[in-house]
$ cat final_1.pdb   # PDB, C-alpha atoms
MODEL        1
ATOM      1  CA  MET G  28       4.886  58.116 -47.509
ATOM      2  CA  SER G  29       6.152  54.617 -48.100
ATOM      3  CA  TYR G  30       4.288  51.421 -47.229
ATOM      4  CA  LEU G  31       5.777  48.004 -46.833
ATOM      5  CA  SER G  32       4.394  45.882 -49.570
ATOM      6  CA  LEU G  33       3.860  42.194 -48.721
ATOM      7  CA  PRO G  34       2.591  39.471 -50.982
ATOM      8  CA  LYS G  35      -1.066  38.716 -50.398
ATOM      9  CA  ASN G  36      -0.479  35.191 -49.007
ATOM     10  CA  ALA G  37       2.163  36.468 -46.518
ATOM     11  CA  THR G  38      -0.360  38.939 -45.120
ATOM     12  CA  VAL G  39      -2.892  36.147 -44.635
ATOM     13  CA  VAL G  40      -0.300  34.013 -42.839
ATOM     14  CA  ILE G  41       0.678  36.829 -40.470
ATOM     15  CA  PHE G  42      -2.920  37.706 -39.567
ATOM     16  CA  THR G  43      -3.803  34.041 -39.064
ATOM     17  CA  GLY G  44      -0.786  33.569 -36.775
ATOM     18  CA  LEU G  45      -1.690  36.675 -34.757
ATOM     19  CA  PHE G  46      -5.265  35.423 -34.434
ATOM     20  CA  PHE G  47      -4.093  32.096 -32.977
ATOM     21  CA  LEU G  48      -1.580  33.780 -30.665
ATOM     22  CA  CYS G  49      -4.290  36.012 -29.248
ATOM     23  CA  SER G  50      -7.040  33.410 -29.060
ATOM     24  CA  CYS G  51      -5.108  30.409 -27.615
ATOM     25  CA  GLU G  52      -5.114  30.983 -23.920
ATOM     26  CA  ASN G  53      -5.623  28.217 -21.369
ATOM     27  CA  LYS G  54      -5.255  28.574 -17.670
ATOM     28  CA  LEU G  55      -2.645  26.285 -16.130
ATOM     29  CA  GLU G  56      -5.282  24.672 -13.888
ATOM     30  CA  GLU G  57      -7.379  23.744 -16.948
ATOM     31  CA  VAL G  58      -4.413  22.156 -18.706
ATOM     32  CA  GLU G  59      -3.430  20.169 -15.578
ATOM     33  CA  LYS G  60      -7.033  19.047 -15.089
ATOM     34  CA  TYR G  61      -7.194  17.876 -18.707
ATOM     35  CA  ASN G  62      -3.889  16.003 -18.429
ATOM     36  CA  LYS G  63      -4.649  14.514 -15.016
ATOM     37  CA  LYS G  64      -5.274  10.798 -15.101
ATOM     38  CA  ASP G  65      -8.385   9.565 -13.311
ATOM     39  CA  ILE G  66      -7.602   6.860 -10.768
ATOM     40  CA  ALA G  67     -10.281   4.377  -9.790
ATOM     41  CA  VAL G  68     -10.748   4.477  -6.012
ATOM     42  CA  GLU G  69     -12.832   2.057  -3.960
ATOM     43  CA  VAL G  70     -13.940   3.369  -0.557
ATOM     44  CA  GLY G  71     -14.738   1.281   2.515
ATOM     45  CA  LYS G  72     -16.062   2.531   5.856
ATOM     46  CA  ASN G  73     -15.618   0.942   9.292
ATOM     47  CA  VAL G  74     -13.294  -1.697   7.845
ATOM     48  CA  ILE G  75     -12.132  -4.807   9.701
ATOM     49  CA  ILE G  76      -9.457  -6.883   7.959
ATOM     50  CA  LYS G  77      -8.318 -10.229   9.359
ATOM     51  CA  TYR G  78      -4.874 -11.351   8.187
ATOM     52  CA  SER G  79      -3.784 -14.966   8.563
ATOM     53  CA  ILE G  80      -0.978 -17.234   7.379
ATOM     54  CA  GLY G  81      -1.559 -20.969   7.068
ATOM     55  CA  GLY G  82      -4.889 -20.675   8.869
ATOM     56  CA  LYS G  83      -3.302 -18.944  11.887
ATOM     57  CA  LYS G  84      -4.471 -15.458  12.834
ATOM     58  CA  LYS G  85      -1.599 -12.969  12.501
ATOM     59  CA  ALA G  86      -3.320  -9.572  12.696
ATOM     60  CA  ILE G  87      -6.650  -7.770  12.825
ATOM     61  CA  LEU G  88      -6.757  -4.284  11.345
ATOM     62  CA  THR G  89      -9.527  -1.746  11.875
ATOM     63  CA  GLY G  90      -9.963   1.609  10.178
ATOM     64  CA  ALA G  91     -12.730   4.189   9.854
ATOM     65  CA  ILE G  92     -12.072   4.776   6.141
ATOM     66  CA  MET G  93     -10.140   2.712   3.600
ATOM     67  CA  ASN G  94      -9.388   3.895   0.055
ATOM     68  CA  ARG G  95      -8.129   1.333  -2.467
ATOM     69  CA  ALA G  96      -6.584   3.024  -5.520
ATOM     70  CA  GLN G  97      -5.911   1.319  -8.843
ATOM     71  CA  ASP G  98      -2.864   3.389  -9.787
ATOM     72  CA  THR G  99       0.237   2.187 -11.656
ATOM     73  CA  VAL G 100       1.375   0.941  -8.226
ATOM     74  CA  PRO G 101      -1.911  -0.076  -6.518
ATOM     75  CA  TYR G 102      -2.232   0.977  -2.891
ATOM     76  CA  VAL G 103      -4.607   0.943   0.050
ATOM     77  CA  GLU G 104      -4.816   4.077   2.156
ATOM     78  CA  PHE G 105      -6.239   4.663   5.627
ATOM     79  CA  PRO G 106      -6.493   8.479   5.926
ATOM     80  CA  ASN G 107      -8.392   8.637   9.260
ATOM     81  CA  LYS G 108      -6.615   6.428  11.796
ATOM     82  CA  ILE G 109      -5.742   2.767  11.829
ATOM     83  CA  HIS G 110      -5.453   0.215  14.632
ATOM     84  CA  VAL G 111      -3.783  -3.205  14.329
ATOM     85  CA  ASP G 112      -3.569  -6.040  16.843
ATOM     86  CA  PHE G 113      -0.732  -8.497  16.055
ATOM     87  CA  TYR G 114      -1.103 -12.082  17.321
ATOM     88  CA  ASP G 115       1.395 -14.774  18.367
ATOM     89  CA  LEU G 116       1.196 -18.524  17.718
ATOM     90  CA  LYS G 117      -0.954 -18.987  20.851
ATOM     91  CA  ASP G 118      -3.576 -16.589  19.444
ATOM     92  CA  SER G 119      -2.718 -13.919  22.042
ATOM     93  CA  ILE G 120      -2.067 -10.263  21.245
ATOM     94  CA  GLU G 121       1.700  -9.676  21.151
ATOM     95  CA  SER G 122       1.666  -6.014  20.094
ATOM     96  CA  ARG G 123      -0.690  -3.202  19.099
ATOM     97  CA  LEU G 124      -0.201  -0.440  16.596
ATOM     98  CA  ASP G 125      -2.019   2.884  16.163
ATOM     99  CA  ALA G 126      -1.440   5.645  13.605
ATOM    100  CA  HIS G 127      -3.395   8.515  12.131
ATOM    101  CA  TYR G 128      -2.445   7.562   8.549
ATOM    102  CA  ALA G 129      -1.328   4.416   6.717
ATOM    103  CA  ARG G 130      -0.568   3.502   3.102
ATOM    104  CA  TYR G 131      -0.035  -0.079   1.952
ATOM    105  CA  LYS G 132       1.622  -0.664  -1.429
ATOM    106  CA  GLU G 133       0.213  -3.992  -2.540
ATOM    107  CA  THR G 134       3.010  -4.984  -4.932
ATOM    108  CA  GLN G 135       5.701  -4.266  -2.319
ATOM    109  CA  SER G 136       4.007  -5.698   0.825
ATOM    110  CA  LYS G 137       5.136  -2.557   2.639
ATOM    111  CA  VAL G 138       3.114  -0.264   4.916
ATOM    112  CA  PHE G 139       4.030   3.380   5.541
ATOM    113  CA  LEU G 140       2.619   4.805   8.782
ATOM    114  CA  LYS G 141       2.706   8.432   9.877
ATOM    115  CA  ASP G 142       1.246  10.944  12.307
ATOM    116  CA  SER G 143       1.234   9.917  15.961
ATOM    117  CA  VAL G 144       2.453   6.367  15.407
ATOM    118  CA  ARG G 145       2.427   4.201  18.532
ATOM    119  CA  VAL G 146       3.395   0.550  19.034
ATOM    120  CA  ILE G 147       2.901  -1.220  22.387
ATOM    121  CA  ASN G 148       4.150  -4.699  23.317
ATOM    122  CA  VAL G 149       2.839  -7.081  25.982
ATOM    123  CA  LYS G 150       5.360  -5.752  28.554
ATOM    124  CA  GLY G 151       4.006  -2.229  28.086
ATOM    125  CA  ASP G 152       7.076  -0.916  26.223
ATOM    126  CA  THR G 153       5.792   1.816  23.926
ATOM    127  CA  LEU G 154       7.287   3.281  20.753
ATOM    128  CA  TYR G 155       6.314   6.808  19.725
ATOM    129  CA  CYS G 156       7.312   8.255  16.356
ATOM    130  CA  ASP G 157       5.982  10.274  13.435
ATOM    131  CA  GLU G 158       6.962   7.856  10.642
ATOM    132  CA  LEU G 159       7.344   4.096  10.649
ATOM    133  CA  TYR G 160       7.486   1.314   8.066
ATOM    134  CA  TRP G 161       6.217  -2.231   8.431
ATOM    135  CA  ASP G 162       7.759  -4.536   5.847
ATOM    136  CA  ARG G 163       7.006  -8.249   5.795
ATOM    137  CA  SER G 164      10.193  -8.966   3.815
ATOM    138  CA  HIS G 165      12.408  -7.694   6.690
ATOM    139  CA  THR G 166      12.329 -10.834   8.816
ATOM    140  CA  ASN G 167      12.873 -10.049  12.528
ATOM    141  CA  ALA G 168      13.040  -6.335  11.675
ATOM    142  CA  GLU G 169       9.548  -5.724  10.290
ATOM    143  CA  PHE G 170       9.278  -2.272  11.920
ATOM    144  CA  TYR G 171      11.857   0.360  10.978
ATOM    145  CA  THR G 172      12.366   4.096  10.651
ATOM    146  CA  ASP G 173      15.180   6.589  10.146
ATOM    147  CA  LYS G 174      13.237   9.376  11.906
ATOM    148  CA  PRO G 175      13.206  10.451  15.584
ATOM    149  CA  VAL G 176      11.795   7.896  18.030
ATOM    150  CA  ARG G 177      10.960   7.681  21.716
ATOM    151  CA  ILE G 178      10.617   4.394  23.570
ATOM    152  CA  ARG G 179       9.151   4.273  27.054
ATOM    153  CA  THR G 180       9.682   1.226  29.202
ATOM    154  CA  LYS G 181       8.599   0.738  32.820
ATOM    155  CA  ASN G 182      11.937   2.133  34.034
ATOM    156  CA  GLU G 183      13.134   4.626  31.430
ATOM    157  CA  THR G 184      12.523   6.749  28.362
ATOM    158  CA  ILE G 185      14.986   6.493  25.468
ATOM    159  CA  ASP G 186      15.154   8.954  22.569
ATOM    160  CA  GLY G 187      17.016   8.543  19.322
ATOM    161  CA  ILE G 188      17.098   8.694  15.561
ATOM    162  CA  GLY G 189      16.236   5.513  13.670
ATOM    163  CA  MET G 190      15.026   2.172  14.975
ATOM    164  CA  VAL G 191      14.460  -1.432  13.938
ATOM    165  CA  ALA G 192      12.228  -3.908  15.756
ATOM    166  CA  GLN G 193      10.519  -7.230  15.404
ATOM    167  CA  GLN G 194       6.791  -7.217  14.812
ATOM    168  CA  ASP G 195       6.133  -8.356  18.394
ATOM    169  CA  PHE G 196       8.208  -5.346  19.549
ATOM    170  CA  LYS G 197       9.863  -7.465  22.248
ATOM    171  CA  GLU G 198      13.310  -6.619  20.893
ATOM    172  CA  TRP G 199      14.249  -3.306  19.337
ATOM    173  CA  VAL G 200      17.379  -1.324  18.541
ATOM    174  CA  ILE G 201      17.613   2.451  18.354
ATOM    175  CA  THR G 202      20.136   3.232  15.631
ATOM    176  CA  HIS G 203      21.404   6.528  17.070
ATOM    177  CA  PRO G 204      20.380   6.899  20.735
ATOM    178  CA  ARG G 205      20.684  10.328  22.306
ATOM    179  CA  GLY G 206      20.356  11.821  25.743
ATOM    180  CA  PRO G 207      21.121  10.182  29.093
ATOM    181  CA  LEU G 208      20.861   6.399  29.251
ATOM    182  CA  LYS G 209      20.594   4.268  32.367
ATOM    183  CA  VAL G 210      23.126   1.455  32.501
ATOM    184  CA  GLY G 211      23.092  -1.024  35.342
ATOM    185  CA  ALA G 212      26.301  -1.404  37.368
ATOM    186  CA  THR G 213      26.606  -5.045  36.332
ATOM    187  CA  GLN G 214      26.723  -4.065  32.646
ATOM    188  CA  PHE G 215      30.004  -2.124  32.934
ATOM    189  CA  PRO G 216      33.132  -4.024  31.928
ATOM    190  CA  ASN G 217      35.659  -4.762  34.706
TER
ENDMDL
END
$ encode --input "final_1.pdb" --output "structure tokens"
Amino acid sequence: MSYLSLPKNATVVIFTGLFFLCSCENKLEEVEKYNKKDIAVEVGKNVIIKYSIGGKKKAILTGAIMNRAQDTVPYVEFPNKIHVDFYDLKDSIESRLDAHYARYKETQSKVFLKDSVRVINVKGDTLYCDELYWDRSHTNAEFYTDKPVRIRTKNETIDGIGMVAQQDFKEWVITHPRGPLKVGATQFPN
């Protein structure tokens, strides 16, 4: 019978390596938990935020829960519904907004809204959609989306994909309207 003869230090190295191969076992969840960065989160309940510019009231926001996260891009999150009343220069409500979820990225001045988003103007025109952005830097087009929308006015319902609108929601444009549209006889070219 013939045995493989190894130098003594090679045998030690092999057994040590086998020991570490057999004993180093971490579950993926444990590794991810160890590597996960803790984010500081401030929580507010029954929040009312009043937003003004130059001493003039622009909006009042209410939310049941507000989470403010100090991540690399800080954000404020409203996970359980949000309501906003937007005001005009005469201190009257010009539009109202409701959504089940909102996230505001502080450094971008942009709000992402989703889940049963609804905007109503003073005429009663109502926007329904699942995703909507409000961006202060988009002057006269603060509301926008590239997702399906439905707008109900007193006389009609208009569906489409994509929309831009002013914050007061008095003027809006559906990017890709679909379905039947009512057009008055006076609006046809001669």
$ resolve_selection --input "final_1.pdb" --expression "the PyMOL selection byres ((chain G and resi 155-159) around 7)" --output "compact mmCIF listing (two decimals) with C-alpha atoms, in the coordinates of the input"
# COMPACT_ATOMS: atom_id res chain seq x y z
CA PHE G 139 4.03 3.38 5.54
CA LEU G 140 2.62 4.80 8.78
CA LYS G 141 2.71 8.43 9.88
CA ASP G 142 1.25 10.94 12.31
CA SER G 143 1.23 9.92 15.96
CA VAL G 144 2.45 6.37 15.41
CA ARG G 145 2.43 4.20 18.53
CA VAL G 146 3.40 0.55 19.03
CA THR G 153 5.79 1.82 23.93
CA LEU G 154 7.29 3.28 20.75
CA TYR G 160 7.49 1.31 8.07
CA TRP G 161 6.22 -2.23 8.43
CA PHE G 170 9.28 -2.27 11.92
CA TYR G 171 11.86 0.36 10.98
CA THR G 172 12.37 4.10 10.65
CA LYS G 174 13.24 9.38 11.91
CA PRO G 175 13.21 10.45 15.58
CA VAL G 176 11.80 7.90 18.03
CA ARG G 177 10.96 7.68 21.72
CA ILE G 178 10.62 4.39 23.57
$ resolve_selection --input "final_1.pdb" --expression "the PyMOL selection byres ((chain G and resi 163) around 10)" --output "CSV table (one decimal) with C-alpha atoms, keeping the file's coordinate frame"
chain,number,residue,atom,x,y,z
G,135,GLN,CA,5.7,-4.3,-2.3
G,136,SER,CA,4.0,-5.7,0.8
G,137,LYS,CA,5.1,-2.6,2.6
G,138,VAL,CA,3.1,-0.3,4.9
G,160,TYR,CA,7.5,1.3,8.1
G,161,TRP,CA,6.2,-2.2,8.4
G,162,ASP,CA,7.8,-4.5,5.8
G,164,SER,CA,10.2,-9.0,3.8
G,165,HIS,CA,12.4,-7.7,6.7
G,166,THR,CA,12.3,-10.8,8.8
G,167,ASN,CA,12.9,-10.0,12.5
G,168,ALA,CA,13.0,-6.3,11.7
G,169,GLU,CA,9.5,-5.7,10.3
G,170,PHE,CA,9.3,-2.3,11.9
G,194,GLN,CA,6.8,-7.2,14.8
$ atom_distance --input "final_1.pdb" --atom1 "CA of Pro101 in chain G" --atom2 "CA of Tyr78 in chain G"
18.8 Å
$ resolve_selection --input "final_1.pdb" --expression "the PyMOL selection byres ((chain G and resi 148) around 12)" --output "PyMOL selection string"
chain G and resi 112-115+119-124+145-147+149-154+178-181+192-199
$ residues_around --input "final_1.pdb" --residues "Asn94 in chain G" --least-positions-apart "3" --cutoff "6 Å" --atoms "only C-alpha atoms" --output "PyMOL selection string"
chain G and resi 69-70+103-104
$ closest_residue --input "final_1.pdb" --among "G:Ala91, G:Val111, G:Ala96, G:Val200" --to "Val68 in chain G" --atoms "all atoms listed in the file"
G:Ala96
$ residues_around --input "final_1.pdb" --residues "Thr202 in chain G" --least-positions-apart "2" --cutoff "9 Å" --atoms "all atoms listed in the file" --output "PyMOL selection string"
chain G and resi 173+187-191+200+204
$ write_last_selection --input "final_1.pdb" --atoms "C-alpha atoms" --output "compact mmCIF listing (two decimals), keeping the file's coordinate frame"
# COMPACT_ATOMS: atom_id res chain seq x y z
CA ASP G 173 15.18 6.59 10.15
CA GLY G 187 17.02 8.54 19.32
CA ILE G 188 17.10 8.69 15.56
CA GLY G 189 16.24 5.51 13.67
CA MET G 190 15.03 2.17 14.98
CA VAL G 191 14.46 -1.43 13.94
CA VAL G 200 17.38 -1.32 18.54
CA PRO G 204 20.38 6.90 20.74
$ atom_distance --input "final_1.pdb" --atom1 "CA of Ile80 in chain G" --atom2 "CA of Phe105 in chain G"
22.6 Å
